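> Structure file my_file.tsv (TSV, C-alpha atoms) is given on the next line.
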```tsv
chain	number	residue	atom	x	y	z
A	245	MET	CA	59.33	29.30	-32.23
A	246	ALA	CA	61.56	27.74	-29.59
A	247	ARG	CA	65.23	27.58	-30.39
A	248	GLN	CA	66.52	24.12	-31.17
A	249	LYS	CA	69.69	22.86	-29.55
A	250	ARG	CA	72.38	22.48	-32.19
A	251	ARG	CA	75.36	20.22	-31.64
A	252	THR	CA	78.45	20.44	-33.83
A	253	ARG	CA	80.64	17.35	-34.05
A	254	ARG	CA	84.27	18.03	-34.87
A	255	GLY	CA	87.68	16.40	-34.79
A	256	PHE	CA	88.28	17.59	-31.24
A	257	GLY	CA	85.55	18.45	-28.79
A	258	HIS	CA	81.93	19.46	-29.20
A	259	VAL	CA	80.22	22.81	-29.57
A	260	ARG	CA	76.51	23.23	-29.09
A	261	ARG	CA	73.96	25.99	-28.81
A	262	LEU	CA	71.97	26.12	-25.57
A	263	PRO	CA	68.30	27.14	-25.24
A	264	SER	CA	69.55	30.44	-23.79
A	265	GLY	CA	71.14	31.22	-27.18
A	266	ARG	CA	74.68	31.02	-25.85
A	267	TRP	CA	77.24	28.41	-26.87
A	268	GLN	CA	78.87	25.68	-24.83
A	269	ALA	CA	82.11	23.86	-25.62
A	270	SER	CA	83.31	20.54	-24.22
A	271	TYR	CA	85.83	17.78	-24.82
A	272	VAL	CA	86.97	14.46	-23.40
A	273	GLY	CA	90.15	14.96	-21.39
A	274	PRO	CA	93.03	12.60	-20.73
A	275	ASP	CA	91.18	11.40	-17.64
A	276	LEU	CA	88.45	10.09	-20.04
A	277	ALA	CA	85.85	12.39	-18.48
A	278	ARG	CA	83.97	15.05	-20.43
A	279	HIS	CA	84.90	18.60	-19.44
A	280	THR	CA	82.88	21.69	-20.33
A	281	ALA	CA	84.22	25.19	-20.50
A	282	PRO	CA	83.82	27.03	-17.18
A	283	TYR	CA	81.69	29.66	-18.93
A	284	THR	CA	79.47	29.85	-22.00
A	285	PHE	CA	80.12	31.89	-25.14
A	286	GLU	CA	78.18	34.50	-27.07
A	287	ALA	CA	79.26	33.15	-30.46
A	288	SER	CA	80.16	29.71	-31.78
A	289	LEU	CA	83.52	31.01	-33.02
A	290	ASP	CA	84.45	31.93	-29.44
A	291	ALA	CA	83.60	28.39	-28.28
A	292	GLU	CA	85.68	26.91	-31.12
A	293	ALA	CA	88.60	29.18	-30.23
A	294	TRP	CA	88.48	27.92	-26.65
A	295	LEU	CA	88.69	24.34	-27.94
A	296	VAL	CA	91.72	25.23	-30.07
A	297	THR	CA	93.45	26.61	-26.96
A	298	GLU	CA	92.61	23.51	-24.93
A	299	ARG	CA	93.87	21.18	-27.66
A	300	ARG	CA	97.13	23.11	-27.86
A	301	LEU	CA	97.52	22.69	-24.10
A	302	LEU	CA	97.05	18.93	-24.42
A	303	THR	CA	99.56	18.56	-27.27
A	304	THR	CA	102.36	20.65	-25.72
A	305	GLY	CA	102.96	18.08	-23.01
A	306	GLU	CA	102.27	20.54	-20.18
A	307	ASP	CA	100.67	19.25	-17.00
A	308	TRP	CA	96.95	19.22	-17.66
A	309	THR	CA	94.27	19.98	-15.10
A	310	PRO	CA	90.49	20.20	-15.68
A	311	PRO	CA	89.54	23.55	-17.24
A	312	LYS	CA	87.12	24.51	-14.46
A	313	ALA	CA	89.82	23.90	-11.84
A	314	ARG	CA	92.26	26.07	-13.80
A	315	HIS	CA	89.65	28.79	-14.18
A	316	ALA	CA	88.87	28.76	-10.45
A	317	ALA	CA	92.58	28.93	-9.59
A	318	ARG	CA	93.07	31.94	-11.88
A	319	GLN	CA	90.06	33.70	-10.41
A	320	ALA	CA	91.22	33.01	-6.87
A	321	SER	CA	94.76	34.25	-7.66
A	322	ARG	CA	93.21	37.53	-8.80
A	323	GLY	CA	91.35	37.74	-5.51
A	324	GLU	CA	87.98	37.22	-7.17
A	325	GLY	CA	86.29	35.72	-4.19
A	326	ILE	CA	84.88	32.76	-2.40
A	327	THR	CA	83.68	29.68	-4.30
A	328	LEU	CA	80.24	28.15	-3.94
A	329	ALA	CA	81.72	24.90	-2.59
A	330	HIS	CA	83.33	26.86	0.22
A	331	TYR	CA	80.34	29.12	0.88
A	332	ALA	CA	77.37	26.73	0.81
A	333	PRO	CA	78.04	24.53	3.90
A	334	GLY	CA	78.50	27.50	6.22
A	335	ALA	CA	75.52	29.37	4.77
A	336	LEU	CA	73.23	26.39	5.37
A	337	ALA	CA	74.59	25.86	8.87
A	338	ARG	CA	73.84	29.51	9.68
A	339	ARG	CA	70.37	29.48	8.14
A	340	ARG	CA	67.45	29.79	10.55
A	341	VAL	CA	63.74	29.12	10.09
A	342	ARG	CA	61.67	30.91	12.72
A	343	GLY	CA	64.82	31.15	14.82
A	344	ALA	CA	65.67	27.43	14.64
A	345	PRO	CA	68.47	25.83	12.58
A	346	LEU	CA	67.59	23.60	9.67
A	347	ARG	CA	66.60	20.08	10.65
A	348	PRO	CA	69.02	17.20	9.96
A	349	ARG	CA	66.74	15.75	7.28
A	350	THR	CA	66.58	19.10	5.47
A	351	LEU	CA	70.35	19.50	5.63
A	352	GLU	CA	70.76	16.00	4.21
A	353	LEU	CA	68.42	16.79	1.32
A	354	TYR	CA	70.30	20.01	0.57
A	355	ALA	CA	73.66	18.24	0.73
A	356	GLY	CA	72.40	15.71	-1.82
A	357	LEU	CA	71.21	18.44	-4.18
A	358	LEU	CA	74.54	20.24	-3.88
A	359	GLU	CA	76.53	17.09	-4.61
A	360	ARG	CA	74.39	15.84	-7.49
A	361	ALA	CA	73.24	18.98	-9.25
A	362	ILE	CA	75.02	22.16	-8.23
A	363	LEU	CA	78.66	21.69	-7.22
A	364	PRO	CA	79.72	19.69	-10.30
A	365	THR	CA	79.10	22.87	-12.30
A	366	PHE	CA	79.61	25.73	-9.87
A	367	GLY	CA	81.56	24.27	-6.95
A	368	ASP	CA	84.99	25.58	-7.91
A	369	VAL	CA	83.78	28.80	-9.49
A	370	PRO	CA	84.05	32.07	-7.52
A	371	MET	CA	80.52	33.19	-6.78
A	372	ARG	CA	81.10	36.73	-7.99
A	373	THR	CA	81.91	35.47	-11.50
A	374	ILE	CA	78.71	33.44	-11.99
A	375	THR	CA	76.42	35.22	-14.44
A	376	PRO	CA	72.71	34.86	-15.25
A	377	GLU	CA	73.77	33.27	-18.55
A	378	ASP	CA	75.82	30.68	-16.66
A	379	VAL	CA	72.86	29.84	-14.42
A	380	ALA	CA	70.48	29.61	-17.40
A	381	ALA	CA	72.88	27.26	-19.21
A	382	TRP	CA	73.24	25.10	-16.09
A	383	TYR	CA	69.48	24.94	-15.62
A	384	ASP	CA	69.01	23.87	-19.23
A	385	GLU	CA	71.41	20.98	-18.58
A	386	LEU	CA	69.47	19.61	-15.58
A	387	ASP	CA	67.47	16.48	-16.34
A	388	PRO	CA	63.94	17.58	-17.40
A	389	GLY	CA	62.80	14.05	-16.58
A	390	LYS	CA	63.29	14.90	-12.89
A	391	PRO	CA	61.24	18.10	-12.61
A	392	THR	CA	61.03	18.14	-8.82
A	393	GLN	CA	64.78	17.69	-8.32
A	394	ARG	CA	65.42	20.27	-11.04
A	395	ALA	CA	63.18	22.84	-9.35
A	396	HIS	CA	64.58	22.14	-5.89
A	397	ALA	CA	68.18	22.44	-7.10
A	398	TYR	CA	67.43	25.79	-8.72
A	399	ALA	CA	65.60	27.03	-5.62
A	400	LEU	CA	68.53	26.02	-3.43
A	401	LEU	CA	71.05	27.81	-5.65
A	402	ARG	CA	68.86	30.92	-5.69
A	403	SER	CA	68.55	30.85	-1.89
A	404	LEU	CA	72.34	30.59	-1.48
A	405	PHE	CA	72.81	33.67	-3.62
A	406	ASN	CA	70.06	35.40	-1.62
A	407	ASP	CA	72.15	34.68	1.48
A	408	ALA	CA	75.26	35.99	-0.27
A	409	THR	CA	73.59	39.33	-1.02
A	410	ALA	CA	71.56	39.66	2.18
A	411	SER	CA	73.67	42.41	3.76
A	412	PRO	CA	76.53	44.79	2.89
A	413	ALA	CA	78.88	42.67	4.99
A	414	GLU	CA	77.91	39.47	3.16
A	415	ARG	CA	78.18	41.16	-0.23
A	416	GLY	CA	81.62	42.37	0.70
A	417	ARG	CA	82.69	38.89	1.79
A	418	THR	CA	81.39	37.05	-1.27
A	419	GLY	CA	81.82	39.77	-3.86
A	420	VAL	CA	78.30	39.09	-5.16
A	421	SER	CA	76.33	42.25	-5.90
A	422	ALA	CA	73.18	40.70	-7.43
A	423	ASN	CA	71.56	37.29	-7.57
A	424	PRO	CA	72.29	35.66	-10.97
A	425	CYS	CA	69.35	33.22	-10.64
A	426	THR	CA	66.85	34.97	-12.90
A	427	VAL	CA	65.16	32.09	-14.75
A	428	ARG	CA	61.47	32.82	-14.29
A	429	GLY	CA	59.48	29.98	-12.72
A	430	ALA	CA	62.49	27.64	-12.51
A	431	GLY	CA	62.08	27.05	-8.78
A	432	ALA	CA	58.47	25.88	-9.08
A	433	THR	CA	57.20	22.48	-10.14
A	434	ARG	CA	53.83	20.97	-10.76
A	435	ARG	CA	52.78	17.79	-9.04
A	436	ALA	CA	54.18	15.09	-11.33
A	437	ARG	CA	51.56	12.58	-10.30
A	438	GLY	CA	47.85	13.20	-9.98
A	439	ILE	CA	46.17	11.84	-6.86
A	440	GLU	CA	42.75	10.25	-6.98
A	441	VAL	CA	41.34	10.82	-3.52
A	442	ALA	CA	40.13	7.63	-1.85
A	443	THR	CA	36.47	7.28	-0.98
A	444	VAL	CA	35.23	6.56	2.52
A	445	ALA	CA	34.31	3.05	1.40
A	446	GLU	CA	37.80	2.47	-0.01
A	447	VAL	CA	39.49	3.61	3.21
A	448	GLU	CA	37.27	1.28	5.24
A	449	ALA	CA	38.05	-1.57	2.85
A	450	LEU	CA	41.79	-0.85	3.12
A	451	ALA	CA	41.55	-0.99	6.91
A	452	ARG	CA	39.80	-4.37	6.72
A	453	ALA	CA	42.41	-5.68	4.27
A	454	MET	CA	45.28	-4.82	6.63
A	455	PRO	CA	46.32	-7.08	9.53
A	456	ASP	CA	44.03	-6.39	12.52
A	457	ARG	CA	46.75	-4.62	14.49
A	458	LEU	CA	47.32	-2.17	11.59
A	459	ALA	CA	43.73	-1.38	10.66
A	460	ALA	CA	43.63	1.67	12.94
A	461	LEU	CA	46.83	3.00	11.31
A	462	VAL	CA	44.97	3.34	8.02
A	463	LEU	CA	41.97	5.02	9.64
A	464	LEU	CA	44.09	7.52	11.63
A	465	SER	CA	46.22	8.35	8.59
A	466	ALA	CA	43.14	9.23	6.58
A	467	TRP	CA	40.66	10.71	9.06
A	468	CYS	CA	43.34	12.67	10.99
A	469	SER	CA	45.52	13.57	7.96
A	470	LEU	CA	48.71	12.22	9.52
A	471	ARG	CA	52.06	11.74	7.81
A	472	PHE	CA	53.33	8.16	7.94
A	473	GLY	CA	56.29	9.28	10.08
A	474	GLU	CA	53.83	10.76	12.60
A	475	VAL	CA	51.45	7.83	12.90
A	476	ALA	CA	54.33	5.32	13.05
A	477	VAL	CA	55.59	6.64	16.39
A	478	LEU	CA	52.33	7.43	18.18
A	479	ARG	CA	52.28	6.11	21.76
A	480	ARG	CA	49.49	5.33	24.21
A	481	GLN	CA	50.22	8.57	26.06
A	482	ASP	CA	49.49	10.52	22.86
A	483	VAL	CA	45.85	9.39	22.82
A	484	ASP	CA	43.25	11.21	24.94
A	485	LEU	CA	40.01	9.32	24.41
A	486	ASP	CA	38.10	11.35	27.01
A	487	ARG	CA	38.70	14.57	25.08
A	488	GLY	CA	38.85	12.85	21.69
A	489	VAL	CA	42.27	14.29	20.89
A	490	LEU	CA	45.47	12.92	19.38
A	491	HIS	CA	48.75	14.57	20.44
A	492	VAL	CA	51.25	14.65	17.55
A	493	ARG	CA	54.67	15.54	18.92
A	494	ARG	CA	57.30	13.49	17.05
A	495	ALA	CA	57.98	11.76	13.75
A	496	LEU	CA	60.08	9.02	12.21
A	497	VAL	CA	62.46	10.43	9.59
A	498	ARG	CA	65.03	8.85	7.32
A	499	ILE	CA	68.52	10.38	7.70
A	500	GLY	CA	71.12	8.71	5.53
A	501	ARG	CA	70.46	5.00	5.94
A	502	GLU	CA	69.04	5.28	9.42
A	503	ASP	CA	65.48	5.81	10.64
A	504	VAL	CA	65.47	8.30	13.51
A	505	ILE	CA	62.67	9.43	15.84
A	506	GLY	CA	62.81	13.19	16.17
A	507	PRO	CA	60.64	16.30	16.15
A	508	THR	CA	57.86	16.73	13.59
A	509	LYS	CA	58.64	18.01	10.09
A	510	SER	CA	58.05	21.60	11.20
A	511	ASP	CA	56.99	23.44	14.33
A	512	ALA	CA	53.45	23.48	12.93
A	513	GLY	CA	53.59	19.69	12.76
A	514	ALA	CA	53.49	19.48	16.57
A	515	ARG	CA	49.75	19.73	17.08
A	516	ASP	CA	46.64	18.34	18.72
A	517	VAL	CA	44.27	16.69	16.25
A	518	ALA	CA	40.60	16.18	17.12
A	519	LEU	CA	39.47	12.61	16.52
A	520	PRO	CA	36.29	12.23	14.48
A	521	PRO	CA	33.83	10.77	17.04
A	522	HIS	CA	33.31	7.55	15.08
A	523	LEU	CA	37.03	6.75	15.53
A	524	VAL	CA	37.02	6.97	19.33
A	525	PRO	CA	35.51	3.47	19.96
A	526	VAL	CA	37.70	2.02	17.18
A	527	LEU	CA	40.82	3.43	18.82
A	528	ALA	CA	39.69	2.32	22.27
A	529	GLU	CA	39.35	-1.24	20.99
A	530	HIS	CA	42.78	-1.04	19.34
A	531	LEU	CA	44.38	0.18	22.58
A	532	ALA	CA	42.77	-2.66	24.54
A	533	GLU	CA	43.76	-5.43	22.13
A	534	HIS	CA	47.06	-4.42	20.53
A	535	VAL	CA	48.88	-1.85	22.71
A	536	GLY	CA	50.91	-2.30	25.88
A	537	ARG	CA	49.72	-0.75	29.13
A	538	ALA	CA	52.68	1.59	29.60
A	539	GLY	CA	52.24	5.17	28.48
A	540	ARG	CA	55.22	4.89	26.12
A	541	SER	CA	53.90	1.78	24.36
A	542	LEU	CA	53.77	2.23	20.60
A	543	LEU	CA	50.33	2.12	19.01
A	544	PHE	CA	51.75	0.25	16.02
A	545	PRO	CA	54.98	-1.60	16.92
A	546	HIS	CA	56.71	-3.56	14.18
A	547	HIS	CA	56.52	-6.65	16.36
A	548	PRO	CA	53.92	-6.87	19.15
A	549	GLY	CA	55.32	-5.95	22.55
A	550	THR	CA	58.47	-4.26	21.20
A	551	ASP	CA	59.47	-0.59	20.99
A	552	LYS	CA	60.52	-0.78	17.34
A	553	PRO	CA	58.28	1.19	14.96
A	554	TRP	CA	57.42	0.17	11.43
A	555	THR	CA	59.52	1.78	8.71
A	556	HIS	CA	57.91	2.98	5.51
A	557	GLY	CA	59.53	0.28	3.37
A	558	ASN	CA	58.78	-2.58	5.73
A	559	LEU	CA	55.11	-1.65	6.06
A	560	TYR	CA	54.73	-1.34	2.30
A	561	LYS	CA	56.07	-4.83	1.67
A	562	ALA	CA	54.39	-6.58	4.59
A	563	ALA	CA	50.93	-5.06	4.51
A	564	TRP	CA	50.21	-2.01	2.39
A	565	ILE	CA	50.85	-3.39	-1.10
A	566	PRO	CA	48.68	-6.50	-0.54
A	567	ALA	CA	45.91	-4.37	0.98
A	568	ARG	CA	45.72	-1.83	-1.84
A	569	GLU	CA	45.80	-4.60	-4.44
A	570	ALA	CA	42.96	-6.35	-2.63
A	571	VAL	CA	40.69	-3.28	-2.82
A	572	GLY	CA	41.57	-2.41	-6.42
A	573	ARG	CA	43.62	0.73	-5.71
A	574	PRO	CA	47.19	-0.28	-6.68
A	575	ASP	CA	47.94	3.39	-7.38
A	576	LEU	CA	47.36	4.50	-3.78
A	577	ARG	CA	50.36	5.41	-1.63
A	578	LEU	CA	50.33	5.60	2.14
A	579	HIS	CA	50.86	9.35	1.89
A	580	ASP	CA	47.73	9.62	-0.25
A	581	LEU	CA	45.69	8.80	2.85
A	582	ARG	CA	46.86	12.10	4.35
A	583	HIS	CA	45.92	13.90	1.14
A	584	THR	CA	42.55	12.16	1.21
A	585	GLY	CA	41.86	13.23	4.79
A	586	ALA	CA	42.82	16.84	4.10
A	587	THR	CA	40.51	16.92	1.09
A	588	TRP	CA	37.67	15.50	3.19
A	589	ALA	CA	38.27	18.21	5.81
A	590	ALA	CA	38.11	20.90	3.13
A	591	GLN	CA	34.89	19.40	1.80
A	592	ALA	CA	33.51	19.51	5.34
A	593	GLY	CA	34.02	23.27	5.27
A	594	ALA	CA	37.42	23.77	6.96
A	595	THR	CA	38.98	27.16	6.28
A	596	SER	CA	42.60	27.53	5.18
A	597	ALA	CA	43.69	28.36	8.73
A	598	GLU	CA	41.76	25.38	10.13
A	599	LEU	CA	43.35	23.07	7.56
A	600	MET	CA	46.81	24.38	8.41
A	601	ALA	CA	46.24	23.63	12.09
A	602	ARG	CA	44.76	20.17	11.50
A	603	VAL	CA	47.22	18.99	8.86
A	604	GLY	CA	50.30	20.65	10.34
A	605	HIS	CA	51.27	23.00	7.51
A	606	SER	CA	53.51	26.00	8.14
A	607	THR	CA	52.14	28.08	5.25
A	608	PRO	CA	48.71	28.41	3.62
A	609	ALA	CA	49.94	27.37	0.15
A	610	ALA	CA	49.73	23.61	0.68
A	611	SER	CA	46.40	23.79	2.48
A	612	LEU	CA	44.90	25.83	-0.35
A	613	ARG	CA	45.34	22.81	-2.65
A	614	TYR	CA	42.75	20.93	-0.65
A	615	GLN	CA	40.32	23.82	-0.68
A	616	HIS	CA	40.66	23.96	-4.45
A	617	ALA	CA	39.83	20.25	-4.59
A	618	ALA	CA	36.76	20.87	-2.45
A	619	ARG	CA	35.42	23.30	-5.04
A	620	GLY	CA	34.65	20.27	-7.17
A	621	ARG	CA	31.60	19.86	-4.92
A	622	ASP	CA	30.05	23.06	-6.26
A	623	ALA	CA	27.34	21.21	-8.19
A	624	GLN	CA	26.46	19.20	-5.06
A	625	ILE	CA	26.26	22.40	-3.04
A	626	ALA	CA	24.01	24.00	-5.65
A	627	ALA	CA	21.71	20.97	-5.57
A	628	ALA	CA	21.57	21.12	-1.78
A	629	LEU	CA	20.57	24.79	-1.96
A	630	SER	CA	17.70	23.88	-4.27
A	631	ARG	CA	16.54	21.21	-1.86
A	632	MET	CA	16.20	23.91	0.79
A	633	THR	CA	13.45	25.47	-1.32
A	634	GLY	CA	11.64	22.19	-1.86
A	635	ARG	CA	12.11	22.62	-5.59
A	636	GLU	CA	14.91	20.45	-6.96
A	637	GLY	CA	14.16	21.17	-10.62
```
Once more with this new file: its structure as structure tokens, please.

Amino acid sequence: MARQKRRTRRGFGHVRRLPSGRWQASYVGPDLARHTAPYTFEASLDAEAWLVTERRLLTTGEDWTPPKARHAARQASRGEGITLAHYAPGALARRRVRGAPLRPRTLELYAGLLERAILPTFGDVPMRTITPEDVAAWYDELDPGKPTQRAHAYALLRSLFNDATASPAERGRTGVSANPCTVRGAGATRRARGIEVATVAEVEALARAMPDRLAALVLLSAWCSLRFGEVAVLRRQDVDLDRGVLHVRRALVRIGREDVIGPTKSDAGARDVALPPHLVPVLAEHLAEHVGRAGRSLLFPHHPGTDKPWTHGNLYKAAWIPAREAVGRPDLRLHDLRHTGATWAAQAGATSAELMARVGHSTPAASLRYQHAARGRDAQIAAALSRMTGREG
């Protein structure tokens, strides 16, 4: 039977039992903010004793500072090592993926996770003093209603401690001998939202429901499994109709409050995608009617004749929401067209490696999802095998 959280209300402060079995103490300080003890306790009496000490500090008239700040100062004065707030920025700046530094968008996402989920608890704590119990208690406190953010925050913390223990020199600098992130499965998350793959008829209907100059955007997103950021910045020079190939070399990404054209999401994202033959005349017609003659002309400019691409939000409001409502698929996101196309490719028999190349994945894990979806056709395959014998049962 799972342990139940137990909260004890008292005259001063709160004590509660965490799912890990340890105890946490907290109180509202003179700054009117709630402050938790910088560590958890094995027994409730220990947590209560900490509250007694804190209350005595408040009533003696001494200068009060938040308990975690005091704890960090004491640890630092004893030479107990670098704090996570000091270590994390440099570790992320030094991190390399296949020899390249992290992309600006990735750094921004990590900075947000640090600020929202990690540093409020561990920022001022020396890394060498953080225990598995501390990490488990912190994880239990993360909002279970945001499973993806929860998993990503845990994975980021675990990776920072991996960096801190990666070599003897790094262990000596940080004082960390072992990674305290030991919560099994905490860095993984299931897809919170199921995706109902669009049918061919639905994709064609969506294209017809869009403004004429955006119909090809829908078809390319689905049949070529493109991310919105990739299709938004395609240019005439990226289309080779003679060879039936689309050159994907850049993407539109959101950094802070600004949309920036930069490299694709990963090195694997820069790829050549074969156009299904039935799309070649459609794209030729689009180029003739809606795209400027210069090689750098956008395939889908926000305003005809300009070099400004559509942003995700603008396209949703202006065209996508009305189109999906018109065809009876109000659940469908633009990104689901990419998922749809990848599933179609798997159903057509693409191997994991072929899916990775077509979709632009760096690892097989994501592509395997589409192959699993394709297994739903097993009954159809079995029926087709019977038809080969002339006996369909």
> For Thr303 of chain A, which of A:Phe366, A:Phe256, A:Trp267, A:Tyr383 is the closest residue, counting all atoms listed in the file?
A:Phe256
> In terms of the shortest atom-to-atom distance over all atoms listed in the file, which of A:Tyr398, A:Tyr271, A:Tyr354, A:Phe285 is closest to Ala335 of chain A?
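Checking each candidate against Ala335 of chain A, we get A:Tyr354 as the closest.
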> Suppose you want the space between atom CA of Glu533 of chain A and atom CA of Leu461 of chain A; what is it in Å?
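Between atom CA of Glu533 of chain A and atom CA of Leu461 of chain A the gap works out to 14.1 Å.
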> So that I can see what lies close to Leu531 of chain A, please list as a ChimeraX atom specification the residues with an atom at most 12 Å from it, counting only C-alpha atoms and leaving out residues fewer than 4 positions away in the same chain.
/A:457-458,460-461,478-485,524-527,535-539,541-544
> Show me, as a VMD selection string, the residues that have an atom within 10 Å of segment 558-562 of chain A when counting all atoms listed in the file, minus same-chain residues fewer than 2 positions from it.
chain A and resid 454 to 455 458 476 546 553 to 556 564 to 568 577 to 578
> Just the number, please: distance in Å from atom CA of Leu581 of chain A to atom CA of Arg349 of chain A, one decimal.
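Rounded to one decimal, the two atoms are 22.6 Å apart.
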> Quick one: residues within 12 Å of segment 386-395 of chain A, only C-alpha atoms, excluding same-chain residues fewer than 5 positions away - as number ranges by chain?
A: 353-354, 356-358, 360-362, 364-365, 379-381, 400-402, 427-437
> Report the distance between atom CA of Arg582 of chain A and atom CA of Ala344 of chain A in Å, rounded to one decimal place.
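For atom CA of Arg582 of chain A relative to atom CA of Ala344 of chain A, the distance reads 26.4 Å.
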> With only C-alpha atoms as the atoms that count, which of A:Thr297, A:Gly325, A:Arg631, A:Gly367 lies nearest to Glu414 of chain A?
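Among the listed residues, A:Gly325 lies closest to Glu414 of chain A.
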> Given only C-alpha atoms as the basis, pick out the residue of A:Pro376, A:Asp407, A:Val272, A:Thr280 nearest to Arg338 of chain A.
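Ranking A:Pro376, A:Asp407, A:Val272, A:Thr280 by distance to Arg338 of chain A, first place goes to A:Asp407.
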